[in-house]
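Q: Before I ask anything, let me first share the structure, which is written out below as structure tokens.
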2 protein chains.
Amino acid sequence: MSNELSYPKTSANKVNRFNNRAHYDTTTIHNIINTTSVLHVSFLTPSNPKDPTSPQLPTILPMIGQMGSFTYPSSDESEALDCYLHGYVSSRLMNLSRNSTATQKGIPVCIAATKVDGLVLSLTPNSHSYNYRSAILHGTATLVEDVEEKIYAMRLITESVLRGRWLGTRVPPNEAELSSTSVLRVAVSSASAKIRAGGPSDDRKDIEREEVTGRVWTGVVPVWEMMGCPVPAGDGVGGEAPGYIVEYVEGRNKREKGHAEEAVGKAYGS
Amino acid sequence: MSNELSYPKTSANKVNRFNNRAHYDTTTIHNIINTTSVLHVSFLTPSNPKDPTSPQLPTILPMIGQMGSFTYPSSDESEALDCYLHGYVSSRLMNLSRNSTATQKGIPVCIAATKVDGLVLSLTPNSHSYNYRSAILHGTATLVEDVEEKIYAMRLITESVLRGRWLGTRVPPNEAELSSTSVLRVAVSSASAKIRAGGPSDDRKDIEREEVTGRVWTGVVPVWEMMGCPVPAGDGVGGEAPGYIVEYVEGRNKREKGHAEEAVGKAYGS
């Protein structure tokens with residue numbers, strides 16, 4: 001659609017390899033981030049922690065996060081959004097952010113979300129692939145200090161893990177809980193997504209060899225993240241999980257499985 | 001076990017938060033890497049690609065990888081291993097590695113593998129958690145130039161995606177395939193894992209409030225990566241998938257689901 005928002009292509013985010021798989025529109029990128037259980041967040045740390053001038057090394061933390069806008073909370077995935085990340089005050093990233101927030105600069109981060117949709121089994125190992133959707137954000141992280149914004153982000157992230165859960169628990173967080181939880185807001189400077197869908201793609205030289213095509217099975221094994229039956233805590237006094245949990249699990253499984261199966265029949269960046 | 005190999009604890013890998021969840025033994029760390037479909041690999045790139053002296057920014061690439069030893073190919077997960085990563089000659093990471101391999105130095109990378117085993121639903125949003133297994137490797141990546149080692153790594157990685165697949169396809173790779181595929185070998189300098197298993201863990205102040213425990217359902221939703229029925233390519237001339245594929249898919253699903261369900265009953269770093 002011509003009226004869709006897109007991230008600008010720059011040297012930081014431009015996809016070079018298989019650029020027919022590349023996407024820059026906000027809806028595609030934000031949806032991959034929002035439906036991925038764990039985001040991988042990369043940042044730099046000094047190789048000698050006692051010497052901030054020592055050479056920088058890359059580090060990764062797995063975190064939970066979600067795209068959102070505190071200023072315009074009703075924004076959908078097509079709009080300009082920040083990435084909110086949930087963490088702990090004692091972690092290295094949060095400490096780095098706190099120090100840098102004091103100087104108003106924030107710290108550079110890269111955020112990756114990857115969903116595997118299938119194993120693509122072709123005639124030769126080299127042409128094997130995954131069906132997948134991946135998104136990469138580059139941006140600057142700062143600590144959220146405003147209490148209202150922090151609660152907004154905690155609710156956003158809790159609801160992303162299980163819709164309906166925020167009001168299904170004891171809320172709002174008390175002061176001790178608010179101060180022991182840190183939230184990072186990442187202002188996104190560039191972003192891109194890559195999507196591969198469809199069946200195997202082989203070289204003509206192999207497709208034309210009957211002794212190869214007659215022997216090697218080719219096709220796709222769909223892959224998705226599955227949620228099982230909710231198990232009540234402790235001695236099971238809680239009993240069966242309430243409807244909003246059962247419905248969420250069933251709905252999510254149906255969507256995730258459906259996506260993996262639909263991807264098989266598409267020819268999209270393959 | 002006292003005779004297990006462990007990575008040394010250094011400032012680069014020591015887990016500070018929830019250190020009862022931390023593991024440094026090779027078996028635990030290598031197994032998480034080896035059973036994760038997609039690894040996230042972080043490295044540094046100059047913020048201005050045309051100026052190598054510009055400030056470095058973190059970047060992440062999703063890649064496929066596996067622990068292995070070309071020198072001692074029969075080594076198991078408990079032993080000292082390198083991490084082999086599969087990629088494309090044209091990608092930025094490979095180019096950086098090629099340039100740095102020329103100077104014999106390699107480039108610093110961080111590799112992360114994360115498996116979500118369950119949603120842990122407790123009384124308050126703050127005490128919510130995932131059951132998970134995550135591993136982080138720090139090390140130095142260099143391009144594999146030896147043809148035998150490259151084929152060793154390609155076979156190792158193909159077999160990790162689907163056991164039996166290497167001999168199930170047209171092998172060995174020809175010269176064009178070998179030169180269009182790049183393999184990175186990461187010498188691991190430090191590593192750690194974090195594992196969380198078990199049910200919800202709440203503060204006494206909430207557990208003692210009947211108006212909270214009576215209203216809020218707590219428990220665990222198991223989560224695992226599921227593989228569906230293999231779908232034959234194209235017009236389906238390939239017919240049903242051969243036994244080694246069906247068995248692999250069934251065995252893997254059983255293991256992954258079993259792990260998620262067993263994790264619920266453990267009290268391990270919770």
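A note on labels: chains of the structure tokens are A, B, ... as shown, every chain counts residues from 1, and ligands are counted from 1 in their shown order.
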Just need the residues of chain A within 6 Å of chain B, counting only C-alpha atoms, so spit them out as a list in words.
A: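 Taking only C-alpha atoms into account, Phe43, Pro58, Thr59, Cys110, Leu123, Thr124, Thr169, Arg170, Gly199, Val216, Trp217, Thr218, Gly219, Val220, Val221, Pro222, Val223, Trp224, Glu225, Met226, Met227, Gly228, Pro230, Val231, Pro232, Ala233 and Gly238 of chain A sit within 6 Å of chain B.
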Q: Just want the 7 Å neighbourhood of A:Ser97, counted on only C-alpha atoms, with same-chain residues fewer than 5 positions away dropped. Output as a short mmCIF file (atom, residue, chain, number, x, y, z; two decimals) with N, CA and C atoms, in the first residue's frame.
A:
```cif
data_model
loop_
_atom_site.label_atom_id
_atom_site.label_comp_id
_atom_site.auth_asym_id
_atom_site.auth_seq_id
_atom_site.Cartn_x
_atom_site.Cartn_y
_atom_site.Cartn_z
N GLY A 106 21.63 8.15 26.34
CA GLY A 106 21.14 6.81 26.03
C GLY A 106 22.27 5.95 25.49
N ILE A 107 21.99 4.66 25.32
CA ILE A 107 23.03 3.79 24.78
C ILE A 107 22.52 3.10 23.51
N ALA A 141 18.63 3.37 23.68
CA ALA A 141 17.83 3.00 24.86
C ALA A 141 18.04 3.98 26.01
N THR A 142 16.93 4.39 26.62
CA THR A 142 17.02 5.17 27.85
C THR A 142 16.06 4.58 28.87
N LEU A 143 16.36 4.78 30.15
CA LEU A 143 15.51 4.28 31.22
C LEU A 143 14.24 5.11 31.30
#
```
Q: Let's see if you can do this: from backbone DSSP, list all strand (DSSP E or B) residues in stretch 127-260 of chain A, as an NGL selection string.
A: :A and (129-143 or 181-197 or 219-227 or 231-232)
Q: Near A:Glu4, within 10 Å and counting only C-alpha atoms, which residues show up once chain neighbours fewer than 6 positions away are dropped, as a ChimeraX atom specification?
A: /A:24-27,78-79
Q: Give me, please, the distance in Å between atom CA of A:Ala80 and atom CA of A:Leu184, quoted to one decimal.
A: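 Atom CA of A:Ala80 sits 17.0 Å away from atom CA of A:Leu184.
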Q: According to DSSP computed on the backbone, where in stretch 36-158 of chain A is there alpha helix (DSSP H)? Give the residues as a list in words.
A: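 Here are the alpha helix (DSSP H) residues of stretch 36-158 of chain A: Arg92, Leu93, Met94, Asn95, Leu96, Ser97, Arg98, Asn99, Ser100, Thr101, Ala102, Val147, Glu148, Glu149, Lys150, Ile151, Tyr152, Ala153, Met154, Arg155, Leu156, Ile157 and Thr158 of chain A.
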Q: Here is a test: counting only C-alpha atoms, which residue of B:Thr10, B:Asn253, B:Ala187, B:Glu208 is nearest to B:Lys105?
A: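 Comparing B:Thr10, B:Asn253, B:Ala187, B:Glu208 against B:Lys105, the winner is B:Ala187.
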Q: Go ahead and compute the interatomic distance for atom CA of B:Glu145 and atom CA of B:Met63, in Å to one decimal.
A: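 Value for the atom CA of B:Glu145-atom CA of B:Met63 distance: 19.0 Å.
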Q: For A:Gly164, which of A:Glu256, A:Glu262, A:Glu247, A:Glu77 is the closest residue, counting only C-alpha atoms?
A: A:Glu247
Q: Find, counting only C-alpha atoms, the residue in B:Asp203, B:Ala22, B:Met94, B:Glu210 that gets nearest to A:Ala176.
A: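 Going through B:Asp203, B:Ala22, B:Met94, B:Glu210 one by one, the smallest distance to A:Ala176 is for B:Asp203.
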